[in-house]
Amino acid sequence: MLAIVTLAFLLVIVTLIPNIAPGDPARKIAGGTASPERLIEVTESLGLRDSVATQLWKLVKSVGTLNFGDSFSVAKGEPVMSLVWTALGNSAKLVMLSLIVIVPLSILGGLITAYKKDTWIDRTIINVGIAFSAIPDFVAGVFLLAFLAVPVDFFKVQAAAPPGSSYLTQIQHLLLPVIAVLMVYFGYIARVTRAGTITALDSDYTRTAFMRGLSTPDVFRKHIARNALQPTVAVLGTQLGYLFGGMVALERVFGYQGVGNLILRAVDRADYPVLRAGVLAVAIIYMLATLSADLLVAYMNPRARQSLGDN
Amino acid sequence: MTVTESHTPEPADPSEHAALAIDGLEMSYIVRGKPRKILRGVSFEVRPGEAYGLVGESGCGKSTTAYAALRYLPGNGVIDAGRVLSGGEELTAMSASQLREFRAQRASMVFQDPVQAVNPVLKIGTQVAEAFQVMGQSKSEARVSALAALERVRIAAPESVMERYPHQLSGGMLQRVVIAMGLACDPNLLVLDEPTTGLDATVEAEVLDLVRDLRSELNSAILLIAHNLGVIRTMCDRVGVMYAGRIVEEGTVAEVFDNPSHPYTKGLLNSIPRRGLRKTDRELFAIPGSAPPIGADLPFCTYIDRCPIATDICRSAVPPIVDRSDGHWTRCHHADRIGDVPEPDEVTVPYDIGTEQVIGVEGVSKTFRQRGHEVPALVGVDLGFAEGETLGLVGESGSGKSTLAKTMLGVHAPDEGGAITLRGRKMADKATSRVTESVRAISMVFQNPDSALNRAWTVRRILQRSVVKLTGIKGAAADKRVEEIAEAMQLSPRHLDMRPRQLSGGLKQRVAIARAFAGDPEVVVCDEPTSALDVSVQAAILNLLARLQNEERSSYMFISHDIGVVRYLADRIAVMYLGRIMEIGSTATMFDGTNHPYTEALLSAVPNVDGVAEDRIPLTGSIPSPANPPPGCVFHTRCHRAIAGLCEVTVPEMVELSPGHSIKCHLTVEQLQEPIDVDASIISAEAAALLD
Amino acid sequence: MTSSQPPTETPAADPVEDAKPAAAAPIAEGKKQIRKEQLRVLYTSPGFIVGVLIVGFWILASVLPGVLTSFDPKEFVEAGPRVKPGSEAWLGTDKNGWDVYTRVIYGARKILTIAPISTAVAIMVGTFLGLIMGYYKGWVDEILSRVIEAILSIPIILMAIVIIFTFGRSTTVIIGTIAVLFVPAITRTIRSAAIAESDLDYVMSAKMRGESGFFIVTREILPNVVGLVVVEGTVRLGYAIFTYTTLAFLGFVGGNITDADWGIDVSQNYEQIARDIWWPSIFPAAAIASLVIGVNLIADSIDKAVKS
């Protein structure tokens, strides 16, 4: 329900962009030397002659039919959706591979630091993690380029493997961006896991479990995990959405054609249809990701299940 | 700085057979790298089948002792000396796997808050069955055992309860489940750490009844930790009184409670109203000072700074154990001088109650709207407050006591037709639209001073704001008034420049009371003002409230779950149920034996510190939802005297039994006085069936 | 001898109760005692000291770059272009023959102007909105919560690109964009704190005293969330630096690509890393990393001190 409201709000913003932008959007696309006829033609094809309400309605229809027309300048004449699908596919590869690496590592980090709370292990892992997560992704990427890609031949400067490469080669090419993403996210997710685990460890039900004679691994497996990881799941949901669209700079460092990069190019060339479709795609993925996370938390926690039903 | 001292003399060697023997246990918590002593040599034993109580105020080390009984130490806890034994085996020497085995097979612990003690994400059945699985039963065996275990704790329809999640059960039900899990291994030793704190009195009584019944079925020894002296008295055979990490007195409950031999025990017992004591009889005894901080170096009597009969010798050595009678001993240098401990002051000033009604609550109803449903939280409440009068308000949680308070203070507007009046004139509904005269007429003291005082403000600012806002006094005059009020609350001037977190609980509550009196109110609503405090601090607050009332001539609406305290302080008592006043009368008439059945049940639920528990009238089930009140008399669903065909149909009118004593009930005085005979266990089982 | 059990927090009521100062001890202290205690925790924390040293250095660089270098950021130094770090040029020279060290020093100014200003604006607006929404709740809160949700559903960088593209690449637009995009997260934090405060009885007490909503929000609640506001502000400052440098790297901060700006310098030079000319991009990147880490160290220490 709420997601629909949020989406509606975004549709309005996205519609308004070319209308409130200073200067003539048609001139931005057609270029400064374009003839007046050309300008009119572009304005018309952008739909900017219509009232804002009509534009909004057209956009809603576009979302409904998944048809945003053709690209103007990013890839002239190509259907916008085919550009978006390609970019989404690329982003999905990067995101999935990142998750496969990040999730187990950072959850493990969180569990260990919670269990070893206030020891040097805890402080080291958490402080290093926080320090790395403060660094912008492109800075991490540039460091990796200089200190891994150049001296070690195994690591590739370009994240995109040559066309037709095997999966392993593709993964090999994606390794550096994945490491960069890991640097940015590890500390954050580990810290959330740590906090959840400490709360669970400190609870009476955990104490009851220990008092019952359960071994430490059993207590973790049966009692702590499902309680402690709820915040982690929720955070992963929101971050998954950000991973799809937020890695603009990182994609650029490694020359990767993800969604972020597509939107960046659309902005550079004032390609409104691509821009709109790209932004909405990112928003919809964010919503789907948070929704799945909510459902997963509800599966883990019967009380959350109840409140989810209330909405 | 290790304190060496003689241990409990009897028996010299911890018994082979004791279910639990703690022998000279000394423990510390490491705080910022430094050890802080929490237990200073604790020795006692719990024999098989015996119930042993540990009583003491917060911080005395009783919970630490309870955890130590199963060798569960917090991360920063260390055992400095001493041993913990069970059945002759030394827990303190066990390996991790031996210890697990011991916990799985021979000992159990029940925690204070049942809601916290069960895993919120697992079904009840899974959790109860797990207790059997750790003992080696298979999944299906464990399930059968779990069902039997739930039946044993008088849970009706256990199959359905097994399929539920913790949040779907009431607190009382959950505590039964926790007890069922604790009893899974048929333990030799069951440790109960404040098992009923936080539960309503009626639920508390149910849980205590259950434990008492189970004791006869099992042969487990019980170690019961409680700060409520009544609970210990009614549940235990023997009791140890703890103070600052030592047991200062031990004996049978009757001996210790009726013939206390340590100045601390005596002070503790004198600080609560016993045997129907009233504010007009004498003050409560407030133990002066505060307990020594954790970690203090105390190679002598720990109670010295607060003891009225201490002499130089008390500061020179740890007091010896002095036998009083068989099995009753005290750790005091002056055990023979216990009679010198002064009794609390007699009250000489007469309490004078005005005749004119100052504040009136007239036909007040309050209906909340929740998702389109009407939820009547208050229904037709009529109350009057005379000058200098205390009206005690009792009832289970959810009965509408706090809503009434908030409506009186203008947080909620009453429904159309009801009014709060000041000397007969109607006040505006909301505080923001009330004239200053009305706003200052009613003030409130909250339960929890930590929440009630703005922690960013100094005490001075807190008081000043109320003075300025409510009396209009400004500048130097306001400063002076603040200092006067503070002095009346026995707050010293240096307290004025502190912030709440720098003050102890008792001092914070004094500040809250001072604020309530800043506007010279007609009625002060006291919402459980002492329930967050230790009994010795509670005594000082109650004394202060009684004294202030006499000096300031204000009225109190005193909300409390502690019937003893209400009886001590109140002139009249009103009993609320589902937003309705069910009974109201003078304190004397409320305790003369003729009551509304609800009041009757409430009164019988109180664990009595003066003697053995009387037969309790159990309340079936929990309070119905106000959104969906039962037809007829709202209490008929839980009433042990309900008349079929009448009570569930007709709403009873308020009937005056004697001048000033009215009840809302269809029964006659004769019917109400008939003795009743209820089989507690059957009723409890029915109670359990009513799930929240 | 210690238990075989995992370390947990203190289990019982006892130690928690005892952790509270006994009445006698702290009473003698003055009213500033708590603040002093917190400040002492802050000043003695190594993280804070390191953070202040790092941030202090960059503040010095942004205020008085001439003290730290004698070159001009666009001055063709004698050593010539693409010189490795060494005695001729400490951190080498870039493809234009400009001194990398000098450019790093001069690059601090713009970021240390834009990031703090936009953070300050965002904190003020966010605190105001958060307090209002948290205290009054109701339909204003409902609507604003949806707007916040919508903005948060798009990654900040993406949203920033779109806004800057729409309104142009002036400094004002950049400050405004970062501020606007930070308001939702700040509002959300302050709002939940304000809700928690509103549930406390001191607010109830103020209502019962007939205090106005304005008084309750500004005098009663605000002082209790100031610590949180400071922490949030420092954390957001770190993110503002993050965001600004990323925008600069992507070429969205206007100005000239020859301006001394860490993000721009990284973007102009990182492609040469493949040809082993790493210094013109790595040193500005390291500058960015050091500044955000410094700010985060400070934020973390303040957070701990506030909670102590």
# chains A, B, ... in the order shown; residues from 1 in each chain; ligands from 1
call {"tool": "residues_around", "arguments": {"residues": "C:Pro81", "least_positions_apart": "5", "cutoff": "7 Å", "atoms": "only C-alpha atoms", "output": "PyMOL selection string"}}
result
chain C and resi 93-98
call {"tool": "residues_around", "arguments": {"residues": "C:Tyr239", "least_positions_apart": "2", "cutoff": "10 Å", "atoms": "only C-alpha atoms", "output": "list of chain:residue names"}}
result
A:Ala134, A:Ile135, A:Pro136, C:Ala115, C:Thr119, C:Ile178, C:Phe182, C:Gly233, C:Thr234, C:Val235, C:Arg236, C:Leu237, C:Ile241, C:Phe242, C:Thr243, C:Tyr244, C:Thr245, C:Val292, C:Val295, C:Asn296
call {"tool": "write_last_selection", "arguments": {"atoms": "C-alpha atoms", "output": "mmCIF file, in the first residue's frame"}}
result
data_model
loop_
_atom_site.group_PDB
_atom_site.id
_atom_site.type_symbol
_atom_site.label_atom_id
_atom_site.label_comp_id
_atom_site.auth_asym_id
_atom_site.auth_seq_id
_atom_site.Cartn_x
_atom_site.Cartn_y
_atom_site.Cartn_z
ATOM 1 C CA ALA A 134 33.029 5.857 5.351
ATOM 2 C CA ILE A 135 35.169 5.923 2.220
ATOM 3 C CA PRO A 136 33.338 6.725 -1.018
ATOM 4 C CA ALA C 115 29.951 20.020 3.047
ATOM 5 C CA THR C 119 25.047 19.707 6.535
ATOM 6 C CA ILE C 178 22.952 17.866 -0.647
ATOM 7 C CA PHE C 182 20.000 14.743 3.741
ATOM 8 C CA GLY C 233 25.284 16.279 12.295
ATOM 9 C CA THR C 234 28.781 14.853 12.452
ATOM 10 C CA VAL C 235 27.745 11.622 10.790
ATOM 11 C CA ARG C 236 25.969 13.570 8.039
ATOM 12 C CA LEU C 237 29.024 15.773 7.574
ATOM 13 C CA ILE C 241 31.881 14.895 2.024
ATOM 14 C CA PHE C 242 31.178 11.474 0.548
ATOM 15 C CA THR C 243 28.402 12.881 -1.609
ATOM 16 C CA TYR C 244 30.211 16.006 -2.715
ATOM 17 C CA THR C 245 33.378 14.178 -3.764
ATOM 18 C CA VAL C 292 35.859 11.099 5.841
ATOM 19 C CA VAL C 295 35.086 13.002 10.533
ATOM 20 C CA ASN C 296 33.711 9.552 11.256
#
call {"tool": "interface_residues", "arguments": {"of": "chain B", "to": "chain C", "cutoff": "8 Å", "atoms": "only C-alpha atoms", "output": "count of residues only"}}
result
54
call {"tool": "atom_distance", "arguments": {"atom1": "atom CA of C:Arg169", "atom2": "atom CA of C:Gly255"}}
result
8.1 Å
call {"tool": "interface_residues", "arguments": {"of": "chain A", "to": "chain B", "cutoff": "10 Å", "atoms": "only C-alpha atoms", "output": "VMD selection string"}}
result
chain A and resid 117 200 202 to 215 222 to 224 226 to 227 298 to 304
call {"tool": "closest_atom_pairs", "arguments": {"of": "chain C", "to": "chain A", "cutoff": "9 Å", "atoms": "only C-alpha atoms", "output": "CSV"}}
result
residue,atom,partner,partner_atom,distance
C:Gln5,CA,A:Thr216,CA,8.0
C:Pro6,CA,A:Tyr115,CA,6.9
C:Pro7,CA,A:Tyr115,CA,6.8
C:Thr8,CA,A:Asp202,CA,5.6
C:Glu9,CA,A:Asp202,CA,5.6
C:Thr10,CA,A:Asp202,CA,8.0
C:Pro11,CA,A:Asp202,CA,7.3
C:Arg146,CA,A:Thr6,CA,6.2
C:Val147,CA,A:Thr6,CA,7.1
C:Ile148,CA,A:Thr6,CA,8.9
C:Glu149,CA,A:Thr6,CA,6.6
C:Ala150,CA,A:Thr6,CA,4.8
C:Ile151,CA,A:Leu10,CA,7.9
C:Ser153,CA,A:Ala283,CA,5.7
C:Ile154,CA,A:Ala283,CA,5.6
C:Pro155,CA,A:Gly246,CA,5.1
C:Ile156,CA,A:Gly246,CA,7.2
C:Ile157,CA,A:Gly246,CA,6.1
C:Leu158,CA,A:Gly246,CA,6.3
C:Met159,CA,A:Val279,CA,8.4
C:Ile161,CA,A:Leu264,CA,7.6
C:Val162,CA,A:Val267,CA,7.1
C:Ile163,CA,A:Ile17,CA,8.1
C:Phe165,CA,A:Val267,CA,6.6
C:Thr166,CA,A:Ala21,CA,4.5
C:Phe167,CA,A:Ala21,CA,5.7
C:Gly168,CA,A:Pro22,CA,7.7
C:Gly238,CA,A:Ala134,CA,7.2
C:Tyr239,CA,A:Ala134,CA,7.6
C:Ile241,CA,A:Pro136,CA,8.8
C:Phe242,CA,A:Pro136,CA,5.4
C:Thr243,CA,A:Pro136,CA,7.9
C:Thr245,CA,A:Pro136,CA,7.9
C:Thr246,CA,A:Ala249,CA,6.6
C:Leu247,CA,A:Ala249,CA,8.5
C:Phe249,CA,A:Ala249,CA,7.3
C:Leu250,CA,A:Ala249,CA,6.5
C:Gly263,CA,A:Val139,CA,8.9
C:Val266,CA,A:Val142,CA,8.2
C:Ser267,CA,A:Val253,CA,8.4
C:Tyr270,CA,A:Val142,CA,6.7
C:Glu271,CA,A:Val253,CA,8.2
C:Ile273,CA,A:Ala146,CA,5.9
C:Ala274,CA,A:Val150,CA,6.1
C:Arg275,CA,A:Val150,CA,8.3
C:Asp276,CA,A:Val150,CA,7.1
C:Ile277,CA,A:Ala146,CA,8.9
C:Trp278,CA,A:Ala146,CA,6.2
C:Ser281,CA,A:Val142,CA,7.8
C:Ile282,CA,A:Phe143,CA,6.7
C:Ala285,CA,A:Val139,CA,5.4
C:Ala286,CA,A:Val139,CA,7.7
C:Ile288,CA,A:Ile135,CA,7.6
C:Ala289,CA,A:Ile135,CA,5.3
C:Ser290,CA,A:Ile135,CA,8.4
C:Val292,CA,A:Ala134,CA,6.0
C:Ile293,CA,A:Ala131,CA,5.5
C:Gly294,CA,A:Ala131,CA,8.8
C:Asn296,CA,A:Ala134,CA,7.0
C:Leu297,CA,A:Ala131,CA,8.0
call {"tool": "select_by_dssp", "arguments": {"residues": "stretch 232-314 of chain B", "states": "alpha helix (DSSP H)", "output": "list in words"}}
result
Ile232, Arg233, Thr234, Met235, Val253, Ala254, Glu255, Val256, Phe257, Asp258, Pro263, Tyr264, Thr265, Lys266, Gly267, Leu268, Leu269 and Asn270 of chain B
call {"tool": "write_last_selection", "arguments": {"atoms": "C-alpha atoms", "output": "JSON list (two decimals), in the first residue's frame"}}
result
[["chain", "number", "residue", "atom", "x", "y", "z"],
["B", 232, "ILE", "CA", 8.40, -14.74, 50.83],
["B", 233, "ARG", "CA", 6.23, -15.14, 53.91],
["B", 234, "THR", "CA", 3.50, -17.05, 52.14],
["B", 235, "MET", "CA", 5.75, -19.18, 49.95],
["B", 253, "VAL", "CA", 9.76, -17.27, 58.02],
["B", 254, "ALA", "CA", 7.64, -17.11, 61.15],
["B", 255, "GLU", "CA", 10.67, -16.54, 63.37],
["B", 256, "VAL", "CA", 12.28, -13.92, 61.15],
["B", 257, "PHE", "CA", 9.13, -12.00, 60.32],
["B", 258, "ASP", "CA", 7.54, -12.09, 63.76],
["B", 263, "PRO", "CA", 18.26, -4.07, 62.98],
["B", 264, "TYR", "CA", 17.97, -4.20, 59.17],
["B", 265, "THR", "CA", 15.27, -6.88, 59.19],
["B", 266, "LYS", "CA", 13.41, -4.96, 61.82],
["B", 267, "GLY", "CA", 13.70, -1.75, 59.84],
["B", 268, "LEU", "CA", 12.53, -3.45, 56.69],
["B", 269, "LEU", "CA", 9.49, -4.93, 58.39],
["B", 270, "ASN", "CA", 8.66, -1.64, 60.07]]
call {"tool": "atom_distance", "arguments": {"atom1": "atom CA of C:Ala89", "atom2": "atom CA of C:Phe71"}}
result
10.7 Å
call {"tool": "select_by_dssp", "arguments": {"residues": "stretch 320-399 of chain B", "states": "strand (DSSP E or B)", "output": "number ranges by chain"}}
result
B: 321-325, 328-331, 346, 357-370, 373-386, 390-394
call {"tool": "atom_distance", "arguments": {"atom1": "atom CA of B:Glu206", "atom2": "atom CA of B:Leu646"}}
result
28.0 Å
call {"tool": "closest_residue", "arguments": {"among": "B:Pro344, B:Pro675, B:Pro273, B:Pro607", "to": "B:Gly564", "atoms": "only C-alpha atoms"}}
result
B:Pro273
call {"tool": "residues_around", "arguments": {"residues": "B:Arg47", "least_positions_apart": "5", "cutoff": "12 Å", "atoms": "only C-alpha atoms", "output": "MDAnalysis selection string"}}
result
chainID B and resid 11 14:22 52 85:88 188:190 219:223 237:238
call {"tool": "write_last_selection", "arguments": {"atoms": "C-alpha atoms", "output": "PDB file, in the first residue's frame"}}
result
ATOM      1  CA  PRO B  11      26.155 -27.308  59.404  1.00  0.00           C
ATOM      2  CA  PRO B  14      27.915 -28.224  53.587  1.00  0.00           C
ATOM      3  CA  SER B  15      25.539 -31.085  53.649  1.00  0.00           C
ATOM      4  CA  GLU B  16      26.009 -33.888  51.200  1.00  0.00           C
ATOM      5  CA  HIS B  17      22.345 -33.821  50.492  1.00  0.00           C
ATOM      6  CA  ALA B  18      21.535 -30.148  50.270  1.00  0.00           C
ATOM      7  CA  ALA B  19      19.841 -29.336  46.989  1.00  0.00           C
ATOM      8  CA  LEU B  20      21.926 -26.211  47.011  1.00  0.00           C
ATOM      9  CA  ALA B  21      24.716 -25.236  49.301  1.00  0.00           C
ATOM     10  CA  ILE B  22      26.454 -21.937  48.864  1.00  0.00           C
ATOM     11  CA  TYR B  52      14.146 -20.974  50.845  1.00  0.00           C
ATOM     12  CA  LEU B  85      27.393 -27.248  45.647  1.00  0.00           C
ATOM     13  CA  SER B  86      24.367 -29.196  44.674  1.00  0.00           C
ATOM     14  CA  GLY B  87      23.726 -32.713  45.933  1.00  0.00           C
ATOM     15  CA  GLY B  88      27.292 -32.795  47.169  1.00  0.00           C
ATOM     16  CA  ASN B 188      16.293 -31.047  42.341  1.00  0.00           C
ATOM     17  CA  LEU B 189      16.609 -27.323  42.480  1.00  0.00           C
ATOM     18  CA  LEU B 190      14.285 -24.670  41.100  1.00  0.00           C
ATOM     19  CA  ASN B 219      10.413 -32.923  45.502  1.00  0.00           C
ATOM     20  CA  SER B 220      12.430 -30.068  44.164  1.00  0.00           C
ATOM     21  CA  ALA B 221      13.926 -27.555  46.480  1.00  0.00           C
ATOM     22  CA  ILE B 222      13.046 -23.968  45.728  1.00  0.00           C
ATOM     23  CA  LEU B 223      15.203 -20.901  45.990  1.00  0.00           C
ATOM     24  CA  ASP B 237       9.838 -22.304  54.850  1.00  0.00           C
ATOM     25  CA  ARG B 238      12.994 -20.423  55.652  1.00  0.00           C
TER      26      ARG B 238
END
call {"tool": "residues_around", "arguments": {"residues": "B:Ala588", "least_positions_apart": "3", "cutoff": "9 Å", "atoms": "only C-alpha atoms", "output": "tab-separated table (two decimals) with N, CA and C atoms, in the first residue's frame"}}
result
chain	number	residue	atom	x	y	z
B	567	ARG	N	-4.48	0.90	52.05
B	567	ARG	CA	-5.17	0.84	53.34
B	567	ARG	C	-4.52	1.78	54.35
B	571	ASP	N	-8.39	7.34	53.03
B	571	ASP	CA	-9.56	7.49	53.89
B	571	ASP	C	-10.75	6.77	53.27
B	572	ARG	N	-10.82	6.86	51.96
B	572	ARG	CA	-11.84	6.11	51.25
B	572	ARG	C	-11.16	5.32	50.15
B	585	GLY	N	-16.10	3.11	49.32
B	585	GLY	CA	-16.49	3.21	50.72
B	585	GLY	C	-15.32	3.65	51.57
B	591	PHE	N	-12.82	-3.06	54.66
B	591	PHE	CA	-12.13	-4.24	55.23
B	591	PHE	C	-12.97	-4.94	56.28
B	592	ASP	N	-14.30	-4.64	56.33
B	592	ASP	CA	-15.11	-5.28	57.36
B	592	ASP	C	-15.78	-6.56	56.87
call {"tool": "decode", "arguments": {"residues": "stretch 213-221 of chain A", "atoms": "all heavy atoms", "output": "CSV table (one decimal), in the first residue's frame"}}
result
chain,number,residue,atom,x,y,z
A,213,GLY,N,20.8,-25.9,29.6
A,213,GLY,CA,21.8,-26.8,29.3
A,213,GLY,C,22.1,-27.0,27.9
A,213,GLY,O,22.8,-27.9,27.4
A,214,LEU,N,21.6,-26.1,27.0
A,214,LEU,CA,22.0,-26.1,25.6
A,214,LEU,C,23.4,-25.7,25.4
A,214,LEU,O,23.9,-24.8,26.1
A,214,LEU,CB,21.1,-25.2,24.8
A,214,LEU,CG,19.9,-25.8,24.0
A,214,LEU,CD1,18.9,-26.5,25.0
A,214,LEU,CD2,19.3,-24.8,23.1
A,215,SER,N,24.1,-26.2,24.4
A,215,SER,CA,25.5,-25.8,24.1
A,215,SER,C,25.4,-24.5,23.4
A,215,SER,O,24.4,-24.1,22.8
A,215,SER,CB,26.2,-26.8,23.3
A,215,SER,OG,25.5,-26.9,22.0
A,216,THR,N,26.5,-23.8,23.4
A,216,THR,CA,26.6,-22.4,22.8
A,216,THR,C,26.2,-22.4,21.3
A,216,THR,O,25.4,-21.6,20.9
A,216,THR,CB,28.0,-21.8,23.0
A,216,THR,OG1,28.3,-21.9,24.4
A,216,THR,CG2,28.1,-20.4,22.5
A,217,PRO,N,26.7,-23.4,20.5
A,217,PRO,CA,26.3,-23.4,19.1
A,217,PRO,C,24.8,-23.6,18.9
A,217,PRO,O,24.1,-23.0,18.1
A,217,PRO,CB,27.0,-24.6,18.5
A,217,PRO,CG,28.2,-24.8,19.4
A,217,PRO,CD,27.7,-24.4,20.7
A,218,ASP,N,24.2,-24.5,19.8
A,218,ASP,CA,22.8,-24.7,19.7
A,218,ASP,C,22.0,-23.5,20.1
A,218,ASP,O,21.0,-23.2,19.5
A,218,ASP,CB,22.4,-25.9,20.7
A,218,ASP,CG,22.5,-27.2,20.0
A,218,ASP,OD1,22.6,-27.2,18.7
A,218,ASP,OD2,22.4,-28.2,20.7
A,219,VAL,N,22.5,-22.8,21.1
A,219,VAL,CA,21.8,-21.5,21.5
A,219,VAL,C,21.8,-20.5,20.3
A,219,VAL,O,20.8,-19.9,20.0
A,219,VAL,CB,22.4,-20.9,22.8
A,219,VAL,CG1,21.8,-19.6,23.1
A,219,VAL,CG2,22.2,-21.8,23.9
A,220,PHE,N,22.9,-20.4,19.7
A,220,PHE,CA,23.0,-19.5,18.6
A,220,PHE,C,22.1,-19.9,17.4
A,220,PHE,O,21.3,-19.1,16.9
A,220,PHE,CB,24.5,-19.4,18.0
A,220,PHE,CG,25.2,-18.3,18.6
A,220,PHE,CD1,25.9,-18.4,19.8
A,220,PHE,CD2,25.3,-17.1,17.9
A,220,PHE,CE1,26.6,-17.3,20.3
A,220,PHE,CE2,25.9,-16.0,18.4
A,220,PHE,CZ,26.6,-16.1,19.6
A,221,ARG,N,22.1,-21.2,17.1
A,221,ARG,CA,21.3,-21.7,16.0
A,221,ARG,C,19.8,-21.6,16.3
A,221,ARG,O,19.1,-21.1,15.4
A,221,ARG,CB,21.8,-23.1,15.7
A,221,ARG,CG,21.5,-23.7,14.4
A,221,ARG,CD,22.3,-24.9,14.1
A,221,ARG,NE,22.3,-25.9,15.2
A,221,ARG,CZ,21.3,-26.8,15.4
A,221,ARG,NH1,20.3,-26.8,14.6
A,221,ARG,NH2,21.4,-27.6,16.5
